[in-house]
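File shown: upload33.cif. Contents: mmCIF, C-alpha atoms and all ligand atoms.
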```
data_final
#
loop_
_atom_site.label_atom_id
_atom_site.label_comp_id
_atom_site.auth_asym_id
_atom_site.auth_seq_id
_atom_site.Cartn_x
_atom_site.Cartn_y
_atom_site.Cartn_z
CA MET A 1 -52.88 49.69 80.72
CA MET A 2 -51.86 52.14 78.02
CA SER A 3 -54.38 54.79 77.03
CA ASN A 4 -55.14 55.54 73.42
CA GLU A 5 -53.88 58.66 71.70
CA THR A 6 -55.66 60.59 68.98
CA VAL A 7 -54.15 62.53 66.08
CA TRP A 8 -56.52 64.30 63.70
CA PHE A 9 -55.85 65.60 60.16
CA GLU A 10 -57.93 67.96 57.98
CA GLN A 11 -56.78 65.77 55.07
CA ALA A 12 -54.74 62.58 55.08
CA LEU A 13 -53.42 60.12 52.53
CA LEU A 14 -54.91 56.69 53.30
CA PRO A 15 -54.16 53.42 51.42
CA ASP A 16 -57.21 53.95 49.16
CA GLY A 17 -56.63 57.67 48.60
CA TRP A 18 -57.08 61.06 50.23
CA ALA A 19 -59.71 61.52 52.93
CA ARG A 20 -61.00 64.54 54.91
CA ASP A 21 -61.32 65.04 58.68
CA VAL A 22 -59.39 61.92 59.57
CA ARG A 23 -59.04 60.71 63.15
CA VAL A 24 -56.16 58.30 63.76
CA THR A 25 -56.36 56.36 67.02
CA ILE A 26 -53.11 54.94 68.34
CA SER A 27 -52.42 52.41 71.07
CA ALA A 28 -48.99 51.14 72.13
CA GLY A 29 -47.39 52.57 68.98
CA ARG A 30 -49.84 51.00 66.53
CA ILE A 31 -52.78 52.45 64.65
CA ILE A 32 -55.96 50.81 65.91
CA GLU A 33 -58.47 52.87 63.91
CA VAL A 34 -58.53 55.35 61.03
CA ALA A 35 -61.84 57.20 60.81
CA PRO A 36 -62.52 59.81 58.09
CA GLY A 37 -65.34 62.34 58.47
CA THR A 38 -64.90 62.87 62.21
CA ALA A 39 -64.90 65.98 64.38
CA ARG A 40 -61.61 67.55 65.45
CA ALA A 41 -60.10 65.80 68.45
CA GLY A 42 -56.74 65.32 70.12
CA ASP A 43 -53.57 66.56 68.39
CA CYS A 44 -54.86 68.39 65.27
CA HIS A 45 -52.89 68.97 62.06
CA ALA A 46 -53.71 70.08 58.51
CA ILE A 47 -52.04 67.41 56.33
CA GLY A 48 -51.13 63.80 57.20
CA LEU A 49 -49.03 61.41 55.15
CA PRO A 50 -47.87 57.90 55.90
CA GLY A 51 -44.16 57.89 56.82
CA MET A 52 -41.93 56.84 53.94
CA PRO A 53 -39.90 53.63 54.31
CA ASN A 54 -36.24 54.05 53.36
CA LEU A 55 -35.48 50.60 52.01
CA HIS A 56 -31.72 50.91 51.48
CA SER A 57 -29.10 52.69 53.57
CA HIS A 58 -25.42 52.40 54.38
CA ALA A 59 -25.49 54.75 57.37
CA PHE A 60 -21.71 55.20 57.79
CA GLN A 61 -21.42 56.60 54.26
CA ARG A 62 -23.21 59.77 55.47
CA ALA A 63 -19.85 60.86 56.90
CA MET A 64 -18.28 60.71 53.41
CA ALA A 65 -20.86 63.03 51.87
CA GLY A 66 -19.17 65.85 49.98
CA LEU A 67 -15.71 64.24 50.09
CA THR A 68 -15.86 62.51 46.70
CA GLU A 69 -17.17 65.19 44.34
CA ARG A 70 -13.82 66.57 43.01
CA ARG A 71 -12.52 65.45 39.64
CA SER A 72 -9.35 63.37 40.00
CA GLY A 73 -9.03 61.78 36.56
CA ASP A 74 -11.53 59.36 35.12
CA ASP A 75 -13.85 59.11 38.12
CA THR A 76 -16.34 56.25 38.22
CA PHE A 77 -18.32 54.19 40.69
CA TRP A 78 -15.19 52.04 41.09
CA SER A 79 -12.89 54.94 41.99
CA TRP A 80 -15.56 56.18 44.44
CA ARG A 81 -15.53 52.71 45.98
CA GLU A 82 -11.76 52.91 46.55
CA VAL A 83 -12.23 56.19 48.46
CA MET A 84 -15.01 54.56 50.47
CA TYR A 85 -12.73 51.61 51.35
CA ARG A 86 -10.04 54.02 52.62
CA PHE A 87 -12.60 55.98 54.63
CA VAL A 88 -14.10 52.89 56.22
CA GLU A 89 -10.69 51.73 57.53
CA ARG A 90 -10.70 54.34 60.25
CA LEU A 91 -14.20 54.01 61.68
CA THR A 92 -14.58 52.70 65.24
CA PRO A 93 -17.83 51.35 66.71
CA ASP A 94 -18.34 54.71 68.46
CA ASP A 95 -17.93 56.48 65.10
CA VAL A 96 -20.43 54.18 63.42
CA GLU A 97 -22.98 54.83 66.14
CA ALA A 98 -22.41 58.61 65.91
CA VAL A 99 -22.82 58.78 62.13
CA ALA A 100 -25.76 56.37 62.10
CA ALA A 101 -27.54 58.50 64.70
CA LEU A 102 -26.96 61.57 62.51
CA ALA A 103 -28.20 59.81 59.38
CA TYR A 104 -31.28 58.39 61.13
CA MET A 105 -32.14 61.75 62.66
CA GLU A 106 -31.86 63.35 59.20
CA MET A 107 -34.02 60.58 57.74
CA LEU A 108 -36.78 61.30 60.26
CA GLU A 109 -36.51 65.04 59.54
CA GLY A 110 -36.62 64.16 55.83
CA GLY A 111 -39.85 62.17 56.02
CA PHE A 112 -38.49 58.64 56.37
CA THR A 113 -39.83 56.67 59.34
CA ARG A 114 -38.17 53.26 58.88
CA VAL A 115 -34.77 52.34 57.52
CA GLY A 116 -33.52 49.15 55.90
CA GLU A 117 -29.89 49.18 56.99
CA PHE A 118 -27.88 47.11 54.51
CA HIS A 119 -25.17 46.62 57.06
CA TYR A 120 -21.79 45.33 55.87
CA LEU A 121 -19.17 47.00 58.09
CA HIS A 122 -18.82 44.16 60.59
CA HIS A 123 -15.23 43.77 61.78
CA ASP A 124 -12.38 45.69 63.41
CA SER A 125 -9.96 47.69 61.25
CA ASP A 126 -7.52 44.76 60.99
CA GLY A 127 -10.33 42.49 59.75
CA ARG A 128 -10.65 40.53 62.99
CA THR A 129 -14.10 39.99 64.47
CA PHE A 130 -14.98 41.99 67.56
CA GLY A 131 -15.52 40.03 70.81
CA ASP A 132 -19.20 40.22 69.93
CA ILE A 133 -19.35 39.50 66.19
CA ALA A 134 -22.46 41.70 66.02
CA GLU A 135 -20.85 44.69 67.81
CA MET A 136 -21.33 47.00 64.81
CA ALA A 137 -24.92 45.80 64.30
CA ALA A 138 -25.60 46.58 67.96
CA ARG A 139 -24.32 50.14 67.33
CA ILE A 140 -26.74 50.46 64.40
CA ALA A 141 -29.57 49.29 66.66
CA ALA A 142 -28.44 51.76 69.37
CA ALA A 143 -28.59 54.63 66.85
CA ALA A 144 -32.08 53.55 65.79
CA ASP A 145 -33.11 53.38 69.44
CA GLU A 146 -31.67 56.81 70.23
CA THR A 147 -33.39 58.53 67.29
CA GLY A 148 -36.59 56.47 67.29
CA ILE A 149 -36.48 55.41 63.63
CA GLY A 150 -37.94 52.00 62.72
CA LEU A 151 -35.22 49.50 61.88
CA THR A 152 -35.09 46.61 59.45
CA LEU A 153 -31.60 45.27 60.01
CA LEU A 154 -30.13 43.56 56.97
CA PRO A 155 -26.76 42.02 57.90
CA VAL A 156 -24.75 41.57 54.73
CA PHE A 157 -23.05 38.38 53.68
CA TYR A 158 -19.93 39.33 51.73
CA ALA A 159 -17.23 36.82 50.81
CA HIS A 160 -15.64 37.55 47.43
CA SER A 161 -14.26 40.38 45.32
CA GLY A 162 -15.69 39.25 41.99
CA PHE A 163 -17.82 36.73 40.11
CA GLY A 164 -16.84 33.08 40.41
CA GLY A 165 -15.71 33.20 44.05
CA GLN A 166 -12.62 35.42 43.67
CA PRO A 167 -10.79 36.02 46.99
CA PRO A 168 -11.70 39.25 48.79
CA SER A 169 -9.39 42.26 48.51
CA HIS A 170 -7.53 43.86 51.44
CA GLY A 171 -9.94 46.82 51.34
CA GLN A 172 -12.88 44.45 51.97
CA ARG A 173 -11.48 42.82 55.13
CA ARG A 174 -13.94 44.48 57.49
CA PHE A 175 -16.92 43.08 55.51
CA ILE A 176 -15.99 39.41 55.09
CA ASN A 177 -17.62 36.36 56.70
CA ASP A 178 -17.86 32.67 55.94
CA ILE A 179 -21.22 30.95 56.26
CA ASP A 180 -20.65 29.87 59.89
CA GLY A 181 -19.55 33.35 60.90
CA TYR A 182 -22.58 34.80 59.14
CA ALA A 183 -24.93 32.49 61.05
CA ARG A 184 -23.46 33.79 64.33
CA LEU A 185 -23.71 37.36 63.08
CA LEU A 186 -27.36 36.86 62.16
CA ASP A 187 -28.04 35.51 65.62
CA GLY A 188 -26.35 38.56 67.15
CA CYS A 189 -28.44 40.83 64.92
CA ARG A 190 -31.65 39.20 66.15
CA LYS A 191 -30.56 39.91 69.74
CA ALA A 192 -29.61 43.52 68.92
CA ALA A 193 -32.96 44.11 67.20
CA ALA A 194 -34.99 42.47 69.97
CA ALA A 195 -34.51 45.54 72.19
CA LEU A 196 -36.39 47.78 69.71
CA PRO A 197 -40.20 47.97 69.64
CA ASP A 198 -40.87 46.74 66.10
CA ALA A 199 -37.53 46.00 64.47
CA THR A 200 -37.30 43.27 61.85
CA VAL A 201 -34.26 41.35 60.59
CA GLY A 202 -33.61 40.06 57.10
CA VAL A 203 -30.67 38.71 55.16
CA ALA A 204 -28.58 40.48 52.54
CA PRO A 205 -26.30 38.57 50.21
CA HIS A 206 -24.26 41.59 49.07
CA SER A 207 -24.34 41.03 45.29
CA LEU A 208 -23.70 38.32 42.74
CA ARG A 209 -20.10 39.62 42.69
CA ALA A 210 -19.61 38.90 46.39
CA VAL A 211 -21.39 35.55 46.91
CA THR A 212 -21.23 32.22 45.08
CA PRO A 213 -24.43 30.42 44.00
CA GLU A 214 -24.01 27.94 46.89
CA GLU A 215 -23.56 30.77 49.40
CA LEU A 216 -26.61 32.56 47.99
CA THR A 217 -28.74 29.48 48.62
CA ALA A 218 -27.34 29.03 52.13
CA VAL A 219 -27.86 32.67 53.15
CA THR A 220 -31.39 33.05 51.78
CA GLY A 221 -32.37 29.78 53.48
CA MET A 222 -31.27 30.96 56.94
CA LYS A 223 -34.28 33.11 57.68
CA ASP A 224 -37.84 33.88 56.58
CA GLY A 225 -37.88 37.70 56.45
CA PRO A 226 -36.72 40.07 53.74
CA VAL A 227 -33.91 39.22 51.30
CA HIS A 228 -32.04 42.20 49.85
CA ILE A 229 -29.32 42.12 47.20
CA HIS A 230 -27.49 44.76 45.15
CA ILE A 231 -27.91 43.99 41.47
CA ALA A 232 -27.09 45.41 38.02
CA GLU A 233 -26.00 48.79 39.38
CA GLN A 234 -23.10 49.22 36.97
CA VAL A 235 -22.53 48.28 33.31
CA ARG A 236 -19.17 46.67 34.18
CA GLU A 237 -20.94 44.42 36.69
CA VAL A 238 -23.36 43.30 33.93
CA GLU A 239 -20.44 42.57 31.58
CA ASP A 240 -18.55 40.62 34.28
CA CYS A 241 -21.69 38.59 35.04
CA VAL A 242 -22.18 37.74 31.37
CA ALA A 243 -18.50 36.72 31.10
CA TRP A 244 -18.89 34.49 34.18
CA SER A 245 -22.27 32.88 33.50
CA GLY A 246 -23.49 33.82 30.02
CA ALA A 247 -26.43 35.63 31.65
CA ARG A 248 -27.07 39.18 32.84
CA PRO A 249 -27.35 39.67 36.65
CA VAL A 250 -31.15 40.07 36.94
CA GLU A 251 -31.64 37.30 34.38
CA TRP A 252 -29.26 35.00 36.29
CA LEU A 253 -30.95 35.71 39.63
CA LEU A 254 -34.48 35.13 38.29
CA ASP A 255 -33.29 31.85 36.70
CA HIS A 256 -31.46 30.52 39.77
CA ALA A 257 -33.19 31.85 42.91
CA GLU A 258 -36.80 31.73 44.07
CA VAL A 259 -37.26 35.47 43.72
CA GLY A 260 -40.66 36.54 45.09
CA ARG A 261 -42.36 38.81 47.62
CA ARG A 262 -39.57 38.47 50.18
CA TRP A 263 -37.03 39.93 47.80
CA CYS A 264 -35.77 43.43 47.20
CA LEU A 265 -33.49 43.91 44.20
CA VAL A 266 -31.55 47.06 44.96
CA HIS A 267 -30.86 49.29 41.92
CA ALA A 268 -31.70 46.81 39.07
CA THR A 269 -30.61 49.72 36.89
CA HIS A 270 -29.42 47.82 33.84
CA MET A 271 -32.11 45.47 32.54
CA THR A 272 -33.36 44.41 29.13
CA GLY A 273 -37.07 44.67 28.38
CA ASP A 274 -37.38 40.96 29.10
CA GLU A 275 -35.70 41.27 32.52
CA THR A 276 -37.86 44.31 33.37
CA GLY A 277 -41.05 42.35 32.63
CA ARG A 278 -39.89 39.27 34.51
CA LEU A 279 -38.87 41.29 37.57
CA ALA A 280 -42.30 42.95 37.68
CA ARG A 281 -44.06 39.57 37.47
CA SER A 282 -41.84 38.07 40.20
CA ASP A 283 -43.53 40.20 42.93
CA ALA A 284 -40.13 41.32 44.19
CA VAL A 285 -39.60 45.00 45.02
CA ALA A 286 -37.19 47.10 42.98
CA GLY A 287 -35.12 49.11 45.47
CA LEU A 288 -34.49 52.43 43.74
CA CYS A 289 -31.97 54.94 45.10
CA PRO A 290 -32.20 57.80 42.59
CA VAL A 291 -29.99 60.35 44.40
CA THR A 292 -27.13 57.90 44.94
CA GLU A 293 -27.55 56.37 41.48
CA ALA A 294 -27.17 59.88 40.05
CA ASP A 295 -24.28 60.75 42.35
CA LEU A 296 -22.38 57.58 41.39
CA GLY A 297 -23.19 57.78 37.68
CA ASP A 298 -24.94 54.40 37.70
CA GLY A 299 -27.60 55.00 35.07
CA VAL A 300 -31.38 55.37 34.94
CA PHE A 301 -33.82 52.67 36.05
CA PRO A 302 -36.29 51.78 33.23
CA ALA A 303 -39.25 52.97 35.32
CA ALA A 304 -41.51 53.82 32.37
CA ASP A 305 -41.49 50.16 31.27
CA TYR A 306 -41.68 48.66 34.76
CA THR A 307 -45.09 47.73 36.16
CA GLY A 308 -43.96 46.03 39.39
CA ALA A 309 -43.49 47.15 42.98
CA TYR A 310 -40.81 49.64 43.96
CA GLY A 311 -39.62 51.62 46.93
CA ILE A 312 -36.94 54.23 47.53
CA GLY A 313 -33.69 54.22 49.47
CA SER A 314 -31.11 56.85 50.40
CA ASP A 315 -28.25 54.34 49.95
CA SER A 316 -25.01 56.37 50.28
CA ASN A 317 -26.88 59.09 52.18
CA VAL A 318 -25.09 61.84 50.25
CA LEU A 319 -28.36 63.79 50.58
CA ILE A 320 -31.26 62.57 52.70
CA GLY A 321 -34.92 63.26 51.88
CA ALA A 322 -37.95 61.26 50.76
CA ALA A 323 -39.13 64.02 48.42
CA ASP A 324 -35.63 64.36 46.92
CA GLU A 325 -35.57 60.68 45.96
CA LEU A 326 -39.05 60.77 44.38
CA ARG A 327 -38.37 64.01 42.53
CA LEU A 328 -35.17 62.67 41.00
CA LEU A 329 -36.83 59.35 40.17
CA GLU A 330 -39.34 61.20 38.00
CA TYR A 331 -36.89 63.84 36.69
CA ALA A 332 -34.44 61.20 35.40
CA GLN A 333 -37.31 59.68 33.40
CA ARG A 334 -38.29 63.10 32.03
CA LEU A 335 -34.70 63.93 31.05
CA SER A 336 -34.03 60.62 29.33
CA LEU A 337 -37.45 60.27 27.62
CA ARG A 338 -38.03 64.02 26.98
CA LYS A 339 -41.55 63.70 28.38
CA ARG A 340 -43.39 64.89 31.48
CA ASN A 341 -45.36 63.09 34.21
CA VAL A 342 -44.00 59.63 33.44
CA LEU A 343 -44.78 58.00 36.81
CA GLU A 344 -48.04 58.14 38.74
CA GLN A 345 -48.84 57.93 42.47
CA MET A 346 -45.13 57.73 43.29
CA TYR A 347 -45.58 58.53 46.98
CA GLU A 348 -48.25 55.85 47.51
CA ARG A 349 -46.36 53.23 45.49
CA ALA A 350 -43.09 53.88 47.31
CA VAL A 351 -44.83 53.57 50.70
CA ALA A 352 -46.40 50.24 49.75
CA GLY A 353 -43.30 48.81 48.05
CA GLY A 354 -40.94 50.07 50.73
CA ALA A 355 -43.00 48.56 53.54
CA ARG A 356 -43.17 45.23 51.76
CA ALA A 357 -39.42 45.24 51.21
CA LEU A 358 -38.86 45.93 54.92
CA GLY A 359 -41.27 43.25 56.13
CA VAL A 360 -43.87 45.52 57.75
CA SER A 361 -47.42 46.63 56.94
CA ALA A 362 -47.80 49.96 55.16
CA GLY A 363 -49.60 53.22 55.47
CA LEU A 364 -52.19 54.91 57.64
CA ALA A 365 -54.25 51.81 58.37
CA ALA A 366 -55.30 49.78 61.40
CA GLY A 367 -52.59 47.33 62.38
CA ALA A 368 -49.67 49.34 61.00
CA SER A 369 -47.15 51.10 63.19
CA ALA A 370 -48.17 54.73 63.74
CA ASP A 371 -45.49 56.16 61.43
CA MET A 372 -46.80 59.49 60.13
CA VAL A 373 -45.66 62.79 58.70
CA SER A 374 -47.53 66.11 58.86
CA LEU A 375 -46.85 68.88 56.37
CA ASP A 376 -46.95 72.59 57.11
CA ALA A 377 -50.04 73.85 55.26
CA SER A 378 -48.71 77.43 55.48
CA HIS A 379 -45.62 76.56 53.41
CA PRO A 380 -45.91 78.63 50.20
CA ALA A 381 -45.97 75.51 48.03
CA LEU A 382 -48.87 74.01 49.99
CA ILE A 383 -51.27 76.92 50.38
CA GLY A 384 -54.73 75.93 49.15
CA LYS A 385 -53.61 72.48 47.97
CA ILE A 386 -55.92 69.48 48.28
CA GLY A 387 -55.43 65.75 47.65
CA ASP A 388 -52.88 64.71 45.03
CA ARG A 389 -51.82 68.35 44.57
CA VAL A 390 -50.45 68.12 48.13
CA THR A 391 -48.07 65.24 47.38
CA ASP A 392 -47.16 66.82 44.02
CA SER A 393 -46.32 70.12 45.73
CA TYR A 394 -44.40 68.41 48.53
CA VAL A 395 -42.29 66.34 46.10
CA PHE A 396 -41.70 68.88 43.33
CA ALA A 397 -42.08 72.29 44.91
CA ALA A 398 -41.17 72.10 48.60
CA GLY A 399 -39.25 69.04 49.78
CA LYS A 400 -38.32 68.54 53.41
CA ASP A 401 -38.83 72.24 54.22
CA ALA A 402 -42.56 71.47 54.26
CA ILE A 403 -42.27 68.77 56.94
CA ASP A 404 -43.72 69.84 60.27
CA CYS A 405 -44.09 66.79 62.56
CA VAL A 406 -43.06 63.16 62.31
CA TRP A 407 -44.46 60.38 64.48
CA ARG A 408 -42.67 57.07 64.78
CA HIS A 409 -44.43 54.17 66.45
CA GLY A 410 -46.87 56.70 67.87
CA ARG A 411 -44.23 59.01 69.35
CA LYS A 412 -43.70 62.51 67.97
CA VAL A 413 -39.96 62.58 67.23
CA VAL A 414 -39.89 65.66 64.95
CA SER A 415 -41.71 68.93 65.70
CA GLY A 416 -41.45 72.07 63.59
CA GLY A 417 -39.09 70.13 61.32
CA ARG A 418 -36.57 69.47 64.15
CA HIS A 419 -35.72 66.14 65.73
CA PHE A 420 -35.97 66.07 69.53
CA ALA A 421 -32.36 64.87 69.98
CA ARG A 422 -30.79 67.10 67.32
CA GLN A 423 -28.41 68.93 69.68
CA ALA A 424 -26.96 65.83 71.32
CA VAL A 425 -26.66 63.92 68.03
CA MET A 426 -24.95 66.89 66.35
CA ARG A 427 -22.52 67.47 69.22
CA ARG A 428 -21.26 63.89 69.07
CA TYR A 429 -21.11 63.86 65.26
CA ARG A 430 -19.17 67.14 65.15
CA ALA A 431 -16.56 65.81 67.59
CA MET A 432 -16.15 62.66 65.52
CA MET A 433 -15.74 64.53 62.22
CA GLU A 434 -13.27 67.03 63.69
CA ARG A 435 -11.12 64.08 64.72
CA LEU A 436 -11.51 62.17 61.43
CA LEU A 437 -10.88 65.08 59.04
ZN ZN A 501 -26.08 49.96 48.49
#
```
This structure in structure tokens:
Amino acid sequence: MMSNETVWFEQALLPDGWARDVRVTISAGRIIEVAPGTARAGDCHAIGLPGMPNLHSHAFQRAMAGLTERRSGDDTFWSWREVMYRFVERLTPDDVEAVAALAYMEMLEGGFTRVGEFHYLHHDSDGRTFGDIAEMAARIAAAADETGIGLTLLPVFYAHSGFGGQPPSHGQRRFINDIDGYARLLDGCRKAAAALPDATVGVAPHSLRAVTPEELTAVTGMKDGPVHIHIAEQVREVEDCVAWSGARPVEWLLDHAEVGRRWCLVHATHMTGDETGRLARSDAVAGLCPVTEADLGDGVFPAADYTGAYGIGSDSNVLIGAADELRLLEYAQRLSLRKRNVLEQMYERAVAGGARALGVSAGLAAGASADMVSLDASHPALIGKIGDRVTDSYVFAAGKDAIDCVWRHGRKVVSGGRHFARQAVMRRYRAMMERLL
């Protein structure tokens, strides 16, 4: 029988707000009790936060970070995508595992405790399936296992290069499946995830560009679990959707799919006021990736007008940190509206929305996985801070430098800001990058 473990915080952020002298009791990776107003006991820390879910990642793109920031003409999302296609051609399964391990380690050090891997790099470099169609998914699961991060595996269905079922391009050959192949891939993903303590599996029709309406229905009907889709990230995508269907992407999706609590609409950057209201009422989660959306020049999500659920994702992984995403989410609103303090309770809302999008229960509460972050109360930005001033100071004035320990499923995987496997993960990643570059 497993014995219980106790972690105690002077102050901790619980689902209904900040509490003092909080004892968290953990058994077999899960929180079994959260008790405020208790005496110090067990492993004692000053500040406890729920771990942040990272609802959208393409792990392999971490290896491209810093390679696409030089002006080479009229650079756009679409020219970035061409560079990404060339980069992806060379990656082997070993490479994918090495870069995913690096990204997941950095996520844990950056305050993320679970990742939604929107996984679309499926096949060998010539486009043929590996002997095991889920080989690459198994490498993602291996990287999650090695680093300890929680995994929601979202195998991507990708079949077309543009609206109306256009044939895929050569650069997309490693991503492409038909419906039968996707069903086998999904089965392989379930097996790969089964080895992890609390992994979940969803489905991810890539975008309205890459799937037909019939394929969208088939894919979302294959499984109960989360449904994630890229949508309305770029103005050109909105224009192409209108040319194809007469409707904008979010409008089309809300009209033609049963969008509800299972769904995460990733980006949803370009919406009318009507779409913004309808999305909020649908109970779907908006999957916001502020750092990547800024890096790719996507645009600014209409957060001030949006009353629905949202979470954050590190998407291209050009820079990884929960506080970085939240800070930029708010700063983009301030810059475009010329106001201050536009969003409220961002940390709490992103924990709740992110957990829902990843199909798990949220926060420091009985029944949830023990996914927790402690902050260093001696960090200059945190001295003397209590309650909401703590999250404000972490997000706006400190960032990941303030992270001390991170627990994932009850296990302390980061101490003093460093992941336990940092040396081994770095050694393998360095060897891979020295070969690739
Ligand atoms: Zn994405």
Inset, instruction - Could you check which of A:Thr38, A:Thr220, A:Asn317, A:Asn4 is closest to ligand ZN 501 (chain A), using all atoms listed in the file? - result: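 Residue with the minimum atom-to-atom distance to ligand ZN 501 (chain A): A:Asn317.
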Legend entry - Best match for closeness to Ala402 (chain A) among A:His58, A:Arg81, A:His419, A:His379, counting only C-alpha atoms: A:His379
Legend entry - Length of the CA of Thr276 (chain A) to CA of Val360 (chain A) vector [Å]: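 Separating CA of Thr276 (chain A) from CA of Val360 (chain A) is a distance of 25.1 Å.
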Inset, instruction - Residues up to 8 Å from ligand ZN 501 (chain A), counting all atoms listed in the file: could you list those as a list of chain:residue names? - result: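 For ligand ZN 501 (chain A), the residues inside 8 Å are A:His56, A:Ser57, A:His58, A:Phe118, A:His230, A:Val266, A:Asp315, A:Ser316.
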Would you mind listing, for every residue of region 37-155 of chain A within 9 Å of region 166-183 of chain A, the two atoms forming the shortest contact and the distance between them in Å to one decimal, using all atoms listed in the file, sorted by chain and ascending residue number, as a tab-separated table?
```
residue	atom	partner	partner_atom	distance
A:Glu82	CA	A:Gly171	CA	8.0
A:Tyr85	CA	A:Gly171	CA	5.5
A:Arg86	CA	A:Gly171	CA	7.3
A:Val88	CA	A:Arg174	CA	8.5
A:Glu89	CA	A:Gly171	CA	7.9
A:Tyr120	CA	A:Phe175	CA	5.4
A:Leu121	CA	A:Phe175	CA	5.2
A:His122	CA	A:Phe175	CA	5.5
A:His123	CA	A:Arg174	CA	4.5
A:Asp124	CA	A:Arg174	CA	6.2
A:Ser125	CA	A:Arg174	CA	6.3
A:Asp126	CA	A:Arg174	CA	7.3
A:Gly127	CA	A:Arg174	CA	4.7
A:Arg128	CA	A:Arg174	CA	7.5
A:Thr129	CA	A:Arg174	CA	8.3
A:Ile133	CA	A:Gly181	CA	8.1
A:Pro155	CA	A:Tyr182	CA	8.4
```
Export of prior selection with C-alpha atoms as an mmCIF file, keeping the file's coordinate frame:
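As a result, selection_26.cif now contains:
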```cif
data_model
loop_
_atom_site.group_PDB
_atom_site.id
_atom_site.type_symbol
_atom_site.label_atom_id
_atom_site.label_comp_id
_atom_site.auth_asym_id
_atom_site.auth_seq_id
_atom_site.Cartn_x
_atom_site.Cartn_y
_atom_site.Cartn_z
ATOM 1 C CA GLU A 82 -11.760 52.910 46.550
ATOM 2 C CA TYR A 85 -12.730 51.610 51.350
ATOM 3 C CA ARG A 86 -10.040 54.020 52.620
ATOM 4 C CA VAL A 88 -14.100 52.890 56.220
ATOM 5 C CA GLU A 89 -10.690 51.730 57.530
ATOM 6 C CA TYR A 120 -21.790 45.330 55.870
ATOM 7 C CA LEU A 121 -19.170 47.000 58.090
ATOM 8 C CA HIS A 122 -18.820 44.160 60.590
ATOM 9 C CA HIS A 123 -15.230 43.770 61.780
ATOM 10 C CA ASP A 124 -12.380 45.690 63.410
ATOM 11 C CA SER A 125 -9.960 47.690 61.250
ATOM 12 C CA ASP A 126 -7.520 44.760 60.990
ATOM 13 C CA GLY A 127 -10.330 42.490 59.750
ATOM 14 C CA ARG A 128 -10.650 40.530 62.990
ATOM 15 C CA THR A 129 -14.100 39.990 64.470
ATOM 16 C CA ILE A 133 -19.350 39.500 66.190
ATOM 17 C CA PRO A 155 -26.760 42.020 57.900
#
```
Legend entry - Residue contacts of Ala35 (chain A) (12 Å, all atoms listed in the file) excluding same-chain residues fewer than 3 positions away, as JSON, numbers by chain: {"A": [6, 7, 8, 9, 10, 11, 12, 14, 19, 20, 21, 22, 23, 24, 25, 26, 31, 32, 38, 39, 40, 41, 364, 365, 366]}
Legend entry - Residue nearest Glu325 (chain A) - candidates A:Ile386, A:Val259, A:Val395, A:Val351, atoms counted: all atoms listed in the file: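 Comparing A:Ile386, A:Val259, A:Val395, A:Val351 against Glu325 (chain A), the winner is A:Val395.
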Legend entry - Atom-to-atom span, CA of Leu55 (chain A) and CA of Gly353 (chain A), Å: 8.9 Å
Legend entry - Selected residue of minimal separation from Ala210 (chain A) among A:Glu275, A:Asp43, A:Glu237, A:Asp132, counting only C-alpha atoms: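 Of A:Glu275, A:Asp43, A:Glu237, A:Asp132, the one nearest Ala210 (chain A) is A:Glu237, counting only C-alpha atoms.
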How big is the axis-aligned box around all listed atoms of region 341-348 of chain A once 6 Å goes on each side, and where's its centre, in Å to one decimal, as lines of an AutoDock Vina configuration file?
```
center_x = -46.4
center_y = 59.5
center_z = 40.5
size_x = 16.8
size_y = 19.2
size_z = 26.1
```
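Distances from A:Arg114, A:Arg389, A:Arg236, A:Lys400 to Asp324 (chain A) were compared using all atoms listed in the file, and the smallest one belongs to A:Lys400.
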Inset, instruction - Go through A:Val227, A:Met84, A:Ala144, A:Leu185 and flag the residue nearest Glu97 (chain A), using all atoms listed in the file for the distances. - result: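 Using all atoms listed in the file, the shortest distance to Glu97 (chain A) belongs to A:Ala144.
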Inset, instruction - Fewer than 3 positions away in the same chain doesn't count, so skip those; otherwise give me all residues within 10 Å of Leu67 (chain A), counting only C-alpha atoms, as a list of chain:residue names. - result: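 Listed by chain and then number, they are A:Ala63, A:Met64, A:Arg70, A:Trp80, A:Val83, A:Met84, A:Phe87, A:Val318.
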